[in-house]
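S.K.: Sending over a structure as structure tokens; questions will come in a sec.
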Amino acid sequence: MISKVLRILFVIFCLSTPFIHAQDMATYREKFTEGNYLIIEENYTQALKNFLEAYAIDSTNANVNYKLGFCYMKSTTEKSKATRYLEKACQNVSHNYTDLEPREKKAPENAYYFLAQAYHLNYRFDEAIECFTKFKGIIGPKNKELNKDIDHRLEICRNGKEFYGAPTHVDIINMGDSINTSYPEYSPVITADENMLIFTSRRPGSTGGEVGIDGQYAEDIYVSYKKPDGTWTTAKGIGPNVNTADCEASISITPDGQQLFIYKETGGGDIYMSHLDGDNWSYPEPLGGDINSKGQETHACITADGNTIYFVSDRAGGFGGRDIYKCVRLPNGKWSKATNLGPTINTPFDEDSPFIHPNKVDLFFSSRGHKTMGGFDIFFSTLNPDSNKWSEPVNIGYPINTTDDDIYYVSSPDGKRAYYSSSRPGGNGAQDIYMIRFQDASPPEKPVALIKGIITSADGAEIPMDIQINATDSASTEQVSSTKPIHRTGSYSMILETGKTYFLNYVVDGKVMATDTIRVPLGAGYTQYDRPLLLNGIVLGSHPVKDKDIVKTPVADSIPKSIVKHPAKDINKQLTYTNGPEFRLYFAYNEHNIELTNPDFTKFLDSLQDALKEKGHLTLLITGSASCVPTTAYRGNSELAGKRASDTKAILIQALKSRGIDDGKVNFLKSKAVIQGPPYHSDAEKNKATYQKYQYVSIRFAAK
């Protein structure tokens, strides 16, 4: 009777236990052993294939389930699949575990550690917390480093619950098949006009076509251009000067799209720069000074004025892992010694991918520290120019940040859009590039001016290769920015500060062919000026944008308005004197700027040019006038009147140069400032037309 029962139990056992043939067991041992060696080489993609074959032979084996879950967690595309394998592994855990032994049927205790990570990755925060807590109890208090790591991960889970429960209102848009593939795409950089996107990919077809020991293609840099309908061209390799058989990655670009910062795996990892030369990018050159070191430098960005560079390094002396440093441009043009941004920005964990907004004070970066909800999160901090201190970094929130890596964030100049790479679910595979469009929770507009335009030829000919657009501060006469159009599209862009008036000179073959004036009000938010140029004997665009067409933030009443030109019936604008004609331009209260596009000023320049042809030389007297009504923006009315005279002289010199008139043909007498009009006796008299006629600048000329 007993033997009969034993036979029955044996049959049941055989039916419920997979029978593995000797040949299958040999295959299992082979795949299991090969998979382990691939894990050591960090080739998780190929290791995963081996363990899947082993799993097909013995799916009940807790150890092979553990190996599968581990490889999925290390993969770039399928991390979410790890959970079910790790859950099975945790059903049969042993303290006495032999890692590389194919006969090992049990899983190690740290299967709980990876299952907790898998739960966290899938937003199952409570289960992750429970699992991390259980594993912490298993290892005990002696392993201080591992306990410290678990405490950090528990904090991340609690942060994740908080951010996940209070999402921000944004649209996160995949950039589509023109940009993204089933392979990793990341590190997007974009020009200020958002018309050229450059990024890094590890896709097939890379230069050299080699697959690394990790099973991935080498990094190459790709470029795509925005089409008129808003879609993007199919991305192409950036060119043989930049892409090689080694790894190259895009890390940042100047706002005008003329200088590209690149990471190359040389000397442990250094930062290089390439210049756009026509349609081609130059051979990258390593950055000098104290930027590259014996350590690894992985990322860099530069301020719009080119005077400060922020970069990432793991050099000795940091706060831990990779830190963010900066160098400033010295008077001799070289870079200063590197300075660590300090513990407000840097943590004992890794910081990476800094992006400094064109306003020069808003810094975006990714970190594994601070208040992160998982992997790399994106944070922002603001520099106080007075104290030179950074504000406490703020997590940009869910759903921009996820439980996986979110990194390489770059913002549009107005702050209403951003581009970044994310491993979020629903992508094409691995990391994809996304555009963020802020809704009602959009950040405040950034106080910068974007000057952009497209240079075209009236006869369809190619635009000159050497055309330059130079911006000069009208007050200091210092050139503050210089760029050239992207040859492929003719588009150009530059970033300027608010609160100043600028002259834009369009220079061909070293000669100023056209000049424009742009006044950016102080206190304005983001301001955009569209300035096209039509090459037709080179004149300003046939349809220049008017002030009323410029998209800009409303300006407070205290900011001077555009120049007011009073009707001719109210004032005698053009008078004739015995020593030559006079030109007068009238201003609003506290105003002192002249725009070169002013038609009255253009007519005056025509008459001045005609007089020069006839006389050969002229003497000019410029008089700035102000009424006796007290000014609220200047130390006195004479200062305002003097500024009207000096600014007009500077603008006039620029205008003459733009017409090819030699400075030596014009002699400027000392500018004058006058205060005119009777004193007023009541508030009601302040706005009387009587006082408006004294707010002007006068230019008089006579033959020498």
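Ligands are numbered from 1 in the order shown, residues from 1 within each chain, and chains are lettered A, B, ... in the order they appear in the structure tokens.
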Could you name the residues that touch region 278-281 of chain A at 12 Å or less, counting only C-alpha atoms, but leaving out those on the same chain fewer than 2 positions away, as number ranges by chain?

M.R.: A: 221-223, 237-243, 257-262, 273-276, 283-285, 462-467, 484-490

S.K.: Please report, as a PyMOL selection string, each residue of region 219-378 of chain A to which DSSP assigns strand (DSSP E or B) when run on this structure's backbone.

M.R.: chain A and resi 220-226+232+236-237+248-253+259-264+270-277+280-281+285-286+297-302+308-313+323-329+335+339-340+351-356+362-367+377-378

S.K.: Using only C-alpha atoms, which protein or nucleic acid residues come within 7 Å of region 145-153 of chain A? Drop anything in the same chain fewer than 2 positions from it, and give the result as a PyMOL selection string.

M.R.: chain A and resi 132+136+143+155-157

S.K.: I'd like the interatomic distance between CA of Met513 (chain A) and CA of Ser658 (chain A), to a tenth of an Å.

M.R.: 5.5 Å

S.K.: For region 338-345 of chain A, please output as a count of residues only all residues within 10 Å (counting only C-alpha atoms; exclusion window: fewer than 4 positions along the same chain).

M.R.: 32

S.K.: For the atom pair CA of Gly269 (chain A) and CA of Asn401 (chain A), what is the interatomic distance in Å to one decimal place?

M.R.: 27.1 Å

S.K.: In terms of the shortest atom-to-atom distance over only C-alpha atoms, which of A:Gly160, A:Gly165, A:Gly499, A:Pro348 is closest to Lys371 (chain A)?

M.R.: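 Checking each of A:Gly160, A:Gly165, A:Gly499, A:Pro348 against Lys371 (chain A), counting only C-alpha atoms, the winner is A:Gly160.
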
S.K.: Counting only C-alpha atoms, figure out which residue out of A:Lys500, A:Arg202, A:Arg29, A:Arg84 gets nearest to Glu248 (chain A).

M.R.: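 Closest to Glu248 (chain A) of all the choices is A:Arg202.
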
S.K.: Pick from A:Leu154, A:Ala475, A:Ile455, A:Val410: nearest to Thr372 (chain A), with only C-alpha atoms counted?

M.R.: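 Comparing A:Leu154, A:Ala475, A:Ile455, A:Val410 against Thr372 (chain A), the winner is A:Leu154.
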
S.K.: Quick one: residues within 12 Å of Lys452 (chain A), only C-alpha atoms counted, chain neighbours fewer than 6 positions away excluded, as an MDAnalysis selection string?

M.R.: chainID A and resid 191:195 255:257 413 469 483:486 490:496 504 518 527:533 545 550

S.K.: Please dump the current selection as an mmCIF file, in the first residue's frame; keep C-alpha atoms.

M.R.:
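Output saved as result_10.cif:
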```
data_model
loop_
_atom_site.group_PDB
_atom_site.id
_atom_site.type_symbol
_atom_site.label_atom_id
_atom_site.label_comp_id
_atom_site.auth_asym_id
_atom_site.auth_seq_id
_atom_site.Cartn_x
_atom_site.Cartn_y
_atom_site.Cartn_z
ATOM 1 C CA THR A 191 19.279 77.412 -32.161
ATOM 2 C CA ALA A 192 17.557 80.444 -30.636
ATOM 3 C CA ASP A 193 15.119 80.668 -33.559
ATOM 4 C CA GLU A 194 14.306 76.936 -33.080
ATOM 5 C CA ASN A 195 14.938 76.173 -36.754
ATOM 6 C CA PRO A 255 22.143 80.820 -29.905
ATOM 7 C CA ASP A 256 23.097 81.831 -33.462
ATOM 8 C CA GLY A 257 23.920 78.245 -34.428
ATOM 9 C CA PRO A 413 14.468 82.047 -25.405
ATOM 10 C CA ILE A 469 25.366 91.083 -38.804
ATOM 11 C CA THR A 483 26.814 86.638 -36.243
ATOM 12 C CA LYS A 484 26.284 85.492 -39.788
ATOM 13 C CA PRO A 485 23.414 83.687 -41.469
ATOM 14 C CA ILE A 486 23.250 79.924 -41.721
ATOM 15 C CA GLY A 490 19.802 82.327 -44.905
ATOM 16 C CA SER A 491 18.385 82.612 -41.386
ATOM 17 C CA TYR A 492 20.202 84.372 -38.567
ATOM 18 C CA SER A 493 19.512 85.063 -34.908
ATOM 19 C CA MET A 494 21.131 86.787 -31.961
ATOM 20 C CA ILE A 495 20.286 87.463 -28.322
ATOM 21 C CA LEU A 496 20.485 91.006 -26.889
ATOM 22 C CA LEU A 504 22.439 96.470 -36.536
ATOM 23 C CA ILE A 518 16.378 98.375 -32.483
ATOM 24 C CA THR A 527 10.806 90.550 -26.976
ATOM 25 C CA GLN A 528 11.145 89.305 -30.523
ATOM 26 C CA TYR A 529 12.195 91.454 -33.457
ATOM 27 C CA ASP A 530 11.945 90.095 -36.987
ATOM 28 C CA ARG A 531 14.427 91.822 -39.267
ATOM 29 C CA PRO A 532 14.525 90.359 -42.788
ATOM 30 C CA LEU A 533 17.087 91.576 -45.315
ATOM 31 C CA VAL A 545 8.198 94.492 -39.649
ATOM 32 C CA ILE A 550 6.420 92.964 -33.168
#
```

S.K.: Mind pulling up the distance from CA of Phe51 (chain A) to CA of Lys67 (chain A)?

M.R.: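 Atom-to-atom, CA of Lys67 (chain A) to CA of Phe51 (chain A), that is 7.0 Å.
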
S.K.: Nearest to Ala47 (chain A) among A:Cys71, A:Ile198, A:Ile356, A:Ala245, with distances taken over only C-alpha atoms: which residue is it?

M.R.: A:Cys71
